[in-house]
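Next up, final-v8.tsv (TSV, C-alpha atoms):
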chain	number	residue	atom	x	y	z
A	1	MET	CA	-62.16	59.24	-175.92
A	2	LYS	CA	-62.84	60.83	-172.56
A	3	SER	CA	-64.50	57.64	-171.29
A	4	LYS	CA	-61.48	55.53	-172.32
A	5	LEU	CA	-59.19	57.91	-170.44
A	6	LEU	CA	-61.33	57.60	-167.30
A	7	ILE	CA	-61.20	53.79	-167.47
A	8	ILE	CA	-57.40	53.83	-167.82
A	9	LEU	CA	-57.07	56.21	-164.85
A	10	PHE	CA	-59.42	54.02	-162.74
A	11	LEU	CA	-57.48	50.84	-163.50
A	12	GLY	CA	-54.22	52.60	-162.76
A	13	MET	CA	-55.45	53.70	-159.33
A	14	ILE	CA	-56.52	50.14	-158.50
A	15	SER	CA	-53.07	48.85	-159.47
A	16	ILE	CA	-51.38	51.46	-157.30
A	17	LEU	CA	-53.61	50.62	-154.31
A	18	TYR	CA	-52.92	46.86	-154.74
A	19	MET	CA	-49.16	47.48	-154.89
A	20	PHE	CA	-49.36	49.68	-151.79
A	21	ASP	CA	-51.28	46.96	-149.90
A	22	SER	CA	-48.68	44.33	-150.86
A	23	VAL	CA	-45.76	46.54	-149.87
A	24	HIS	CA	-47.47	47.43	-146.58
A	25	ASN	CA	-48.10	43.82	-145.66
A	26	SER	CA	-44.56	42.85	-146.61
A	27	SER	CA	-43.02	45.60	-144.55
A	28	THR	CA	-45.14	44.89	-141.45
A	29	GLY	CA	-44.79	41.11	-141.63
A	30	LEU	CA	-48.58	40.64	-141.93
A	31	PRO	CA	-49.92	38.05	-144.38
A	32	SER	CA	-51.62	39.12	-147.55
A	33	SER	CA	-55.30	38.28	-148.10
A	34	GLU	CA	-54.35	35.21	-150.18
A	35	GLU	CA	-51.93	34.04	-147.49
A	36	LYS	CA	-54.63	34.50	-144.85
A	37	SER	CA	-57.02	32.37	-146.87
A	38	ALA	CA	-54.43	29.64	-147.42
A	39	ALA	CA	-53.43	29.65	-143.76
A	40	LYS	CA	-56.91	28.52	-142.79
A	41	ASN	CA	-56.22	25.15	-144.46
A	42	VAL	CA	-52.78	24.55	-142.83
A	43	VAL	CA	-52.47	22.60	-139.50
A	44	ASN	CA	-49.83	23.98	-137.17
A	45	HIS	CA	-48.05	20.78	-136.10
A	46	ASN	CA	-45.84	22.68	-133.69
A	47	ASP	CA	-48.91	23.78	-131.71
A	48	GLN	CA	-50.10	20.18	-131.61
A	49	ASP	CA	-46.71	18.95	-130.44
A	50	GLN	CA	-46.70	21.46	-127.62
A	51	GLY	CA	-49.80	19.77	-126.22
A	52	LEU	CA	-48.10	16.35	-126.12
A	53	VAL	CA	-45.65	15.63	-123.28
A	54	ARG	CA	-43.39	12.61	-123.78
A	55	PRO	CA	-43.58	10.36	-120.72
A	56	ILE	CA	-40.52	9.97	-118.52
A	57	VAL	CA	-38.81	6.65	-119.27
A	58	LEU	CA	-37.39	4.71	-116.31
A	59	GLY	CA	-35.22	1.63	-116.74
A	60	PHE	CA	-35.34	-0.57	-113.64
A	61	SER	CA	-33.20	-3.65	-112.97
A	62	GLN	CA	-34.82	-5.80	-110.29
A	63	LEU	CA	-32.46	-8.31	-108.72
A	64	GLY	CA	-34.95	-11.20	-108.78
A	65	SER	CA	-38.06	-12.70	-107.22
A	66	GLU	CA	-36.59	-14.73	-104.39
A	67	SER	CA	-39.15	-13.88	-101.71
A	68	ALA	CA	-42.62	-12.56	-100.92
A	69	TRP	CA	-40.93	-9.28	-99.93
A	70	ARG	CA	-39.31	-8.97	-103.35
A	71	ASN	CA	-42.57	-9.73	-105.16
A	72	ALA	CA	-44.32	-7.01	-103.14
A	73	ASN	CA	-41.49	-4.64	-104.02
A	74	THR	CA	-41.92	-5.37	-107.74
A	75	ILE	CA	-45.70	-4.88	-107.61
A	76	SER	CA	-45.24	-1.58	-105.77
A	77	ILE	CA	-42.85	-0.29	-108.46
A	78	ARG	CA	-45.07	-1.36	-111.36
A	79	GLU	CA	-48.20	0.16	-109.83
A	80	ALA	CA	-46.48	3.40	-108.83
A	81	ALA	CA	-45.02	3.85	-112.33
A	82	GLU	CA	-48.44	3.41	-113.91
A	83	GLU	CA	-50.04	5.82	-111.46
A	84	ALA	CA	-47.31	8.42	-112.06
A	85	GLY	CA	-47.54	8.09	-115.85
A	86	ILE	CA	-43.91	6.97	-116.07
A	87	GLU	CA	-42.95	4.50	-118.81
A	88	LEU	CA	-41.26	1.60	-117.02
A	89	HIS	CA	-38.71	-0.67	-118.72
A	90	PHE	CA	-38.49	-3.55	-116.23
A	91	GLU	CA	-35.86	-6.31	-116.21
A	92	ASP	CA	-35.70	-9.20	-113.70
A	93	ALA	CA	-32.11	-10.39	-113.18
A	94	ASP	CA	-32.99	-13.70	-111.51
A	95	GLN	CA	-30.33	-13.17	-108.81
A	96	SER	CA	-27.59	-12.61	-111.42
A	97	GLN	CA	-25.32	-9.56	-111.36
A	98	SER	CA	-24.23	-10.21	-114.95
A	99	LYS	CA	-27.87	-10.06	-116.06
A	100	GLN	CA	-28.17	-6.73	-114.29
A	101	PHE	CA	-25.18	-5.47	-116.28
A	102	GLU	CA	-26.88	-6.60	-119.51
A	103	ALA	CA	-30.10	-4.82	-118.54
A	104	ILE	CA	-28.24	-1.61	-117.75
A	105	ARG	CA	-26.46	-1.61	-121.11
A	106	THR	CA	-29.83	-2.13	-122.79
A	107	PHE	CA	-31.25	0.86	-120.91
A	108	ILE	CA	-28.28	2.97	-122.04
A	109	LYS	CA	-28.90	1.99	-125.68
A	110	GLN	CA	-32.58	2.83	-125.26
A	111	LYS	CA	-31.58	6.26	-123.93
A	112	VAL	CA	-33.94	6.08	-120.96
A	113	ASP	CA	-34.27	9.19	-118.81
A	114	VAL	CA	-33.39	7.55	-115.48
A	115	ILE	CA	-31.95	4.18	-114.44
A	116	ALA	CA	-32.72	2.50	-111.11
A	117	ILE	CA	-31.24	-0.74	-109.81
A	118	ALA	CA	-31.82	-3.04	-106.85
A	119	PRO	CA	-28.33	-4.60	-106.75
A	120	VAL	CA	-28.07	-8.30	-105.98
A	121	ILE	CA	-24.73	-7.79	-104.16
A	122	GLU	CA	-22.71	-4.74	-103.10
A	123	SER	CA	-19.41	-5.27	-104.94
A	124	GLY	CA	-18.36	-5.12	-108.60
A	125	TRP	CA	-20.48	-2.17	-109.69
A	126	GLU	CA	-18.00	0.63	-110.33
A	127	PRO	CA	-17.23	-0.07	-114.04
A	128	ILE	CA	-20.87	-0.38	-115.13
A	129	LEU	CA	-21.88	2.66	-113.07
A	130	LYS	CA	-19.20	4.65	-114.89
A	131	GLU	CA	-20.83	3.63	-118.18
A	132	ILE	CA	-24.14	5.02	-116.91
A	133	LYS	CA	-22.48	8.28	-115.87
A	134	GLN	CA	-20.71	8.62	-119.23
A	135	ALA	CA	-24.09	8.23	-120.94
A	136	GLY	CA	-25.37	11.16	-118.90
A	137	ILE	CA	-28.20	9.17	-117.30
A	138	PRO	CA	-28.95	9.74	-113.59
A	139	LEU	CA	-28.90	6.60	-111.43
A	140	ILE	CA	-30.97	5.71	-108.36
A	141	ILE	CA	-30.01	2.82	-106.08
A	142	LEU	CA	-33.03	1.04	-104.59
A	143	ASP	CA	-33.32	-1.28	-101.58
A	144	ARG	CA	-29.68	-2.47	-101.44
A	145	LEU	CA	-26.48	-0.44	-101.57
A	146	VAL	CA	-23.45	-0.59	-103.87
A	147	ASN	CA	-19.87	-0.41	-102.65
A	148	VAL	CA	-18.12	2.18	-104.87
A	149	SER	CA	-15.20	4.55	-104.29
A	150	ASP	CA	-16.95	7.39	-106.13
A	151	PRO	CA	-20.36	8.24	-104.59
A	152	SER	CA	-21.10	10.64	-107.44
A	153	LEU	CA	-21.79	7.59	-109.64
A	154	TYR	CA	-25.35	7.54	-108.28
A	155	VAL	CA	-27.74	10.29	-107.26
A	156	THR	CA	-29.48	8.78	-104.25
A	157	TYR	CA	-30.24	5.58	-102.34
A	158	ILE	CA	-33.85	4.76	-101.42
A	159	GLY	CA	-34.50	1.98	-98.92
A	160	SER	CA	-34.15	0.69	-95.40
A	161	ASP	CA	-31.50	1.08	-92.73
A	162	PHE	CA	-30.45	-2.57	-92.57
A	163	TYR	CA	-27.90	-1.95	-89.84
A	164	GLU	CA	-30.62	-0.49	-87.63
A	165	GLU	CA	-32.83	-3.49	-88.39
A	166	GLY	CA	-30.08	-5.75	-87.06
A	167	ARG	CA	-29.78	-3.61	-83.94
A	168	LYS	CA	-33.53	-3.81	-83.37
A	169	ALA	CA	-33.41	-7.60	-83.60
A	170	GLY	CA	-30.50	-7.69	-81.16
A	171	LYS	CA	-32.32	-5.46	-78.66
A	172	TYR	CA	-35.34	-7.75	-78.78
A	173	VAL	CA	-33.18	-10.79	-77.98
A	174	ILE	CA	-31.59	-8.95	-75.04
A	175	ASP	CA	-34.99	-7.98	-73.63
A	176	LYS	CA	-36.57	-11.38	-74.25
A	177	MET	CA	-33.70	-13.36	-72.70
A	178	ASN	CA	-33.01	-10.86	-69.91
A	179	SER	CA	-33.79	-13.36	-67.16
A	180	ARG	CA	-31.33	-15.91	-68.52
A	181	LYS	CA	-27.87	-15.83	-66.96
A	182	ASP	CA	-26.64	-19.02	-68.58
A	183	THR	CA	-25.55	-19.30	-72.21
A	184	VAL	CA	-28.18	-18.44	-74.80
A	185	GLY	CA	-27.42	-20.25	-78.06
A	186	ILE	CA	-28.31	-18.30	-81.21
A	187	VAL	CA	-28.60	-19.53	-84.80
A	188	GLU	CA	-28.47	-16.89	-87.54
A	189	LEU	CA	-29.93	-17.50	-90.99
A	190	VAL	CA	-28.20	-15.07	-93.35
A	191	GLY	CA	-29.48	-13.94	-96.76
A	192	THR	CA	-27.51	-13.77	-100.00
A	193	GLU	CA	-23.80	-13.58	-99.22
A	194	GLY	CA	-22.32	-10.19	-100.08
A	195	SER	CA	-25.70	-8.43	-100.18
A	196	THR	CA	-26.30	-5.24	-98.21
A	197	PRO	CA	-29.02	-6.69	-95.94
A	198	SER	CA	-26.90	-9.71	-95.02
A	199	ILE	CA	-23.86	-7.60	-94.18
A	200	ALA	CA	-25.64	-4.82	-92.31
A	201	ARG	CA	-28.24	-6.90	-90.45
A	202	GLY	CA	-25.49	-9.19	-89.22
A	203	LYS	CA	-23.27	-6.32	-88.08
A	204	GLY	CA	-26.07	-4.42	-86.36
A	205	PHE	CA	-27.13	-7.53	-84.46
A	206	ARG	CA	-23.60	-8.32	-83.31
A	207	ASP	CA	-22.85	-4.75	-82.26
A	208	VAL	CA	-25.82	-4.85	-79.88
A	209	ILE	CA	-25.39	-8.30	-78.32
A	210	LYS	CA	-21.60	-8.15	-77.92
A	211	GLU	CA	-21.94	-6.50	-74.50
A	212	HIS	CA	-23.82	-9.57	-73.25
A	213	ALA	CA	-21.35	-12.42	-72.87
A	214	ASN	CA	-24.01	-15.10	-72.41
A	215	LEU	CA	-25.52	-14.40	-75.84
A	216	LYS	CA	-23.57	-16.65	-78.17
A	217	ILE	CA	-23.99	-17.13	-81.93
A	218	LEU	CA	-23.55	-20.87	-82.41
A	219	LYS	CA	-24.03	-20.94	-86.16
A	220	SER	CA	-24.39	-18.34	-88.91
A	221	GLU	CA	-25.25	-19.77	-92.31
A	222	SER	CA	-26.61	-18.43	-95.59
A	223	ALA	CA	-30.03	-19.57	-96.77
A	224	ASP	CA	-30.15	-17.08	-99.67
A	225	PHE	CA	-33.38	-15.37	-98.53
A	226	THR	CA	-35.52	-18.34	-99.69
A	227	PHE	CA	-38.07	-20.58	-97.96
A	228	ALA	CA	-36.55	-23.79	-99.34
A	229	GLN	CA	-33.02	-22.94	-98.21
A	230	GLY	CA	-34.29	-21.75	-94.85
A	231	LYS	CA	-35.89	-25.12	-94.23
A	232	GLN	CA	-32.94	-27.14	-95.53
A	233	VAL	CA	-30.28	-25.20	-93.61
A	234	MET	CA	-32.29	-25.21	-90.37
A	235	LYS	CA	-32.90	-28.95	-90.67
A	236	SER	CA	-29.16	-29.54	-90.99
A	237	ILE	CA	-28.36	-27.31	-88.00
A	238	LEU	CA	-31.00	-28.99	-85.81
A	239	THR	CA	-29.52	-32.40	-86.59
A	240	ASN	CA	-26.16	-31.28	-85.21
A	241	MET	CA	-27.05	-29.04	-82.25
A	242	SER	CA	-30.77	-29.02	-81.45
A	243	ASN	CA	-30.23	-29.12	-77.68
A	244	GLU	CA	-28.09	-25.97	-77.73
A	245	ILE	CA	-30.39	-23.68	-79.73
A	246	ASN	CA	-32.48	-21.13	-77.83
A	247	VAL	CA	-32.92	-18.38	-80.43
A	248	LEU	CA	-33.25	-18.19	-84.22
A	249	TYR	CA	-32.48	-14.85	-85.85
A	250	SER	CA	-33.55	-14.92	-89.50
A	251	HIS	CA	-32.60	-12.15	-91.92
A	252	ASN	CA	-35.96	-12.43	-93.67
A	253	ASP	CA	-39.43	-13.93	-93.30
A	254	ASP	CA	-39.16	-16.53	-96.06
A	255	MET	CA	-36.15	-18.19	-94.42
A	256	ALA	CA	-37.91	-18.02	-91.03
A	257	LEU	CA	-41.04	-19.69	-92.43
A	258	GLY	CA	-38.93	-22.48	-93.92
A	259	ALA	CA	-37.09	-22.87	-90.61
A	260	ILE	CA	-40.40	-23.12	-88.73
A	261	GLU	CA	-41.36	-26.14	-90.83
A	262	ALA	CA	-38.00	-27.75	-90.09
A	263	ILE	CA	-38.37	-27.06	-86.35
A	264	GLU	CA	-41.86	-28.56	-86.24
A	265	GLU	CA	-40.81	-31.62	-88.24
A	266	PHE	CA	-37.98	-32.09	-85.75
A	267	GLY	CA	-40.54	-32.23	-82.94
A	268	LEU	CA	-39.85	-28.83	-81.38
A	269	ARG	CA	-42.19	-25.86	-80.88
A	270	PRO	CA	-41.24	-22.71	-82.80
A	271	GLY	CA	-41.76	-19.60	-80.69
A	272	LYS	CA	-41.50	-21.58	-77.45
A	273	ASP	CA	-38.67	-24.11	-77.53
A	274	ILE	CA	-36.84	-21.80	-79.93
A	275	ILE	CA	-37.49	-18.04	-79.83
A	276	ILE	CA	-37.75	-16.69	-83.39
A	277	ILE	CA	-36.99	-13.17	-84.60
A	278	SER	CA	-37.39	-12.35	-88.29
A	279	VAL	CA	-37.00	-9.34	-90.56
A	280	ASP	CA	-39.46	-8.10	-93.22
A	281	GLY	CA	-43.03	-8.02	-91.93
A	282	THR	CA	-44.89	-10.00	-94.59
A	283	ASN	CA	-48.48	-11.07	-94.00
A	284	LYS	CA	-47.48	-14.74	-93.66
A	285	ALA	CA	-44.99	-13.87	-90.94
A	286	PHE	CA	-47.69	-11.95	-89.07
A	287	GLU	CA	-49.99	-14.96	-89.32
A	288	LYS	CA	-47.30	-17.14	-87.76
A	289	MET	CA	-46.70	-14.50	-85.11
A	290	ALA	CA	-50.42	-14.49	-84.29
A	291	GLU	CA	-50.15	-18.28	-83.86
A	292	GLY	CA	-47.22	-17.81	-81.46
A	293	LYS	CA	-44.69	-19.40	-83.82
A	294	ILE	CA	-42.72	-16.19	-84.42
A	295	ASN	CA	-41.98	-13.95	-81.44
A	296	SER	CA	-40.98	-10.71	-83.14
A	297	VAL	CA	-40.74	-9.21	-86.61
A	298	VAL	CA	-38.55	-6.24	-87.50
A	299	GLU	CA	-40.24	-4.39	-90.34
A	300	CYS	CA	-38.52	-3.82	-93.69
A	301	ASN	CA	-40.92	-2.00	-95.99
A	302	PRO	CA	-40.93	-3.21	-99.63
A	303	LEU	CA	-43.42	-0.61	-100.86
A	304	LEU	CA	-40.78	1.68	-102.35
A	305	GLY	CA	-42.54	2.38	-105.64
A	306	PRO	CA	-44.05	5.77	-104.70
A	307	ASN	CA	-40.72	6.93	-103.24
A	308	LEU	CA	-38.91	5.92	-106.43
A	309	MET	CA	-41.38	7.64	-108.77
A	310	GLN	CA	-41.31	10.81	-106.68
A	311	ALA	CA	-37.50	10.83	-106.88
A	312	VAL	CA	-37.61	10.28	-110.66
A	313	ASN	CA	-40.05	13.15	-111.14
A	314	GLU	CA	-37.97	15.48	-108.98
A	315	LEU	CA	-34.81	14.58	-110.89
A	316	MET	CA	-36.50	15.37	-114.20
A	317	GLN	CA	-37.59	18.72	-112.78
A	318	GLY	CA	-33.97	19.54	-111.98
A	319	ARG	CA	-34.31	19.28	-108.23
A	320	SER	CA	-31.54	17.97	-105.98
A	321	LEU	CA	-32.12	14.90	-103.81
A	322	PRO	CA	-30.61	13.82	-100.48
A	323	LYS	CA	-27.97	11.09	-100.78
A	324	ARG	CA	-30.06	8.70	-98.65
A	325	ILE	CA	-33.84	8.41	-98.42
A	326	VAL	CA	-34.62	5.98	-95.58
A	327	THR	CA	-38.12	4.60	-95.05
A	328	PRO	CA	-39.62	4.62	-91.50
A	329	GLU	CA	-40.12	1.13	-90.04
A	330	SER	CA	-41.34	-0.52	-86.82
A	331	VAL	CA	-40.82	-3.57	-84.62
A	332	PHE	CA	-43.76	-5.90	-83.95
A	333	THR	CA	-44.26	-8.52	-81.24
A	334	GLU	CA	-46.78	-11.29	-80.56
A	335	THR	CA	-49.10	-9.00	-78.61
A	336	MET	CA	-49.45	-6.72	-81.65
A	337	ALA	CA	-49.82	-9.45	-84.27
A	338	LEU	CA	-53.60	-10.03	-84.16
A	339	GLU	CA	-54.28	-6.32	-84.49
A	340	GLU	CA	-51.84	-5.85	-87.38
A	341	VAL	CA	-52.23	-9.04	-89.42
A	342	GLY	CA	-55.23	-7.81	-91.40
A	343	LYS	CA	-53.60	-4.47	-92.15
A	344	ARG	CA	-50.54	-5.74	-93.98
A	345	LYS	CA	-50.34	-4.79	-97.66
A	346	TYR	CA	-47.85	-7.53	-98.55

Represent the structure contained in this file as structure tokens.
Amino acid sequence: MKSKLLIILFLGMISILYMFDSVHNSSTGLPSSEEKSAAKNVVNHNDQDQGLVRPIVLGFSQLGSESAWRNANTISIREAAEEAGIELHFEDADQSQSKQFEAIRTFIKQKVDVIAIAPVIESGWEPILKEIKQAGIPLIILDRLVNVSDPSLYVTYIGSDFYEEGRKAGKYVIDKMNSRKDTVGIVELVGTEGSTPSIARGKGFRDVIKEHANLKILKSESADFTFAQGKQVMKSILTNMSNEINVLYSHNDDMALGAIEAIEEFGLRPGKDIIIISVDGTNKAFEKMAEGKINSVVECNPLLGPNLMQAVNELMQGRSLPKRIVTPESVFTETMALEEVGKRKY
């Protein structure tokens, strides 16, 4: 009888201690021994997710592939995105603004983090840029500008000072033709009509040479930034006024290279019979400059990829950016060509 009583008392004490342990753990928020054991077999997915960082997604609308400069620009952007670990959604518009609009609307549907565009022309962008703003996606303008009444529609512009490039070309002509007091006939090959480079390079050039009455632009014609058009347009101009032309100012290297072929086929010597100034600074232009067939090249740097990726990263970190980020550029002449030709990256 006594032994049975002792067993009952012992079991009762164990029950009380177990209840106390359960109440204690419940009140302190600590897991019970069973919960601790079970927890060992449960993977904490939240902890795993914290170790994974979703890459930044950039939607980029490239205007086309019309020139060696543009191809170098595209390569720079692709390589910089890969190096920065940024997921790049790339669309080539093939010189079509409407295709750029389509690409932008696709980026909006994809809910990319940032949109960047290299606009084919300046005008007609305000409605589509408002769609980007309404979607809450920051926009970066690359290489060429857009003409909008509301500058808040984009965060920043990254690229060249095309107006200054035109001024540099004009200053070279003034210095080169300084000894000439008679009329100096100039032919200007313009890029895509309505594009920022065509507008600004033309204005900068004219603003510099206007103080020199003997410097006269005989013909200004678009060759759409391409080799083929540069050759065709120059051939047509030579047929009509070859004896009057002293200087060719080309808004890019591809048009200049096409024009050089036309000049040689016409029986004239590029760089001697006709002084040639071009804009870009591609390797092929430097080769022609080393041969004496181009007299000067105003640099326009296409390697904007690192600048773009840095801007994207800073935007995603909540930092503010300047409204314009202009790349430093130089002017090269024949005497510098041999030294520089092997150093060009595009």

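As for atom CA of A:Val146 and atom CA of A:Ile121, they are spaced 7.3 Å apart.
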
(message) Here is a test: counting all atoms listed in the file, which residue of A:Val247, A:Ile137, A:Val57, A:Ile158 is nearest to A:Gly271?
(response) A:Val247

(request) Determine the nearest neighbour of A:Met336 from the options A:Ile117, A:Val297, A:Leu303, A:Ala223, counting only C-alpha atoms. (result)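 For A:Met336, the nearest of the candidates is A:Val297.
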
(message) Applying 8 Å and only C-alpha atoms, which residues near A:Gly85 remain after dropping the ones on its own chain fewer than 3 positions away? List them as number ranges by chain.
(response) A: 55-56, 81-82

(request) List every protein, DNA or RNA residue with an atom no more than 6 Å from (-33.0, 2.6, -100.3) in the file's coordinates, counting all atoms listed in the file, and format the result as a PyMOL selection string. (result) chain A and resi 142-143+157-160

(request) List the neighbours of stretch 275-282 of chain A out to 6 Å using only C-alpha atoms; skip same-chain residues closer than 2 positions along the sequence, and give me the result as a PyMOL selection string. (result) chain A and resi 247-253+271-272+284-285+294-300+346

File dump, residues just selected, C-alpha atoms, as a JSON list (two decimals), keeping the file's coordinate frame:
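Written file, part_32.json:
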[["chain", "number", "residue", "atom", "x", "y", "z"],
["A", 247, "VAL", "CA", -32.92, -18.38, -80.43],
["A", 248, "LEU", "CA", -33.25, -18.19, -84.22],
["A", 249, "TYR", "CA", -32.48, -14.85, -85.85],
["A", 250, "SER", "CA", -33.55, -14.92, -89.50],
["A", 251, "HIS", "CA", -32.60, -12.15, -91.92],
["A", 252, "ASN", "CA", -35.96, -12.43, -93.67],
["A", 253, "ASP", "CA", -39.43, -13.93, -93.30],
["A", 271, "GLY", "CA", -41.76, -19.60, -80.69],
["A", 272, "LYS", "CA", -41.50, -21.58, -77.45],
["A", 284, "LYS", "CA", -47.48, -14.74, -93.66],
["A", 285, "ALA", "CA", -44.99, -13.87, -90.94],
["A", 294, "ILE", "CA", -42.72, -16.19, -84.42],
["A", 295, "ASN", "CA", -41.98, -13.95, -81.44],
["A", 296, "SER", "CA", -40.98, -10.71, -83.14],
["A", 297, "VAL", "CA", -40.74, -9.21, -86.61],
["A", 298, "VAL", "CA", -38.55, -6.24, -87.50],
["A", 299, "GLU", "CA", -40.24, -4.39, -90.34],
["A", 300, "CYS", "CA", -38.52, -3.82, -93.69],
["A", 346, "TYR", "CA", -47.85, -7.53, -98.55]]

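Atom CA of A:Thr74 to atom CA of A:Ser195 spans 18.2 Å [interatomic distance, one decimal].
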
Non-local contacts of A:Gly258 (6 Å; all atoms listed in the file; under 2 positions in same chain excluded) as a PDB file with C-alpha atoms, in the frame of the given file:
ATOM      1  CA  PHE A 227     -38.070 -20.580 -97.960  1.00  0.00           C
ATOM      2  CA  GLY A 230     -34.290 -21.750 -94.850  1.00  0.00           C
ATOM      3  CA  LYS A 231     -35.890 -25.120 -94.230  1.00  0.00           C
ATOM      4  CA  MET A 255     -36.150 -18.190 -94.420  1.00  0.00           C
ATOM      5  CA  ALA A 256     -37.910 -18.020 -91.030  1.00  0.00           C
ATOM      6  CA  ILE A 260     -40.400 -23.120 -88.730  1.00  0.00           C
ATOM      7  CA  GLU A 261     -41.360 -26.140 -90.830  1.00  0.00           C
TER       8      GLU A 261
END

(request) Could you check which of A:Phe60, A:Tyr163, A:Trp69, A:Tyr172 is closest to A:Ala118, using only C-alpha atoms? (result) A:Phe60

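Computed from the coordinates, the atom CA of A:Phe101 to atom CA of A:Gln62 distance equals 11.4 Å.
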
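In terms of minimum interatomic distance to A:Tyr154, A:Trp125 ranks closest within A:Phe90, A:Trp125, A:Phe225, A:Phe107, counting all atoms listed in the file.
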
(request) Tell me, as a ChimeraX atom specification, which residues lie within 10 Å of A:Leu153, counting only C-alpha atoms; anything in the same chain fewer than 2 positions away does not count. (result) /A:125-134,138-140,148-151,155-156

(message) Need the shell around A:Phe205: protein/DNA/RNA residues with any atom at most 9 Å away, counting all atoms listed in the file. Skip same-chain ones fewer than 6 positions apart. Format as a ChimeraX atom specification?
(response) /A:163-171

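With distances taken over all atoms listed in the file, A:Ser242 is the one residue among A:Ser152, A:Ser242, A:Ser330, A:Asn147 lying closest to A:Val187.
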
(request) Go through A:Leu308, A:Leu238, A:Ala200, A:Val173 one by one, measure the shortest atom-to-atom distance of each to A:Ala116 using all atoms listed in the file, and give the residue with the smallest value. (result) A:Leu308
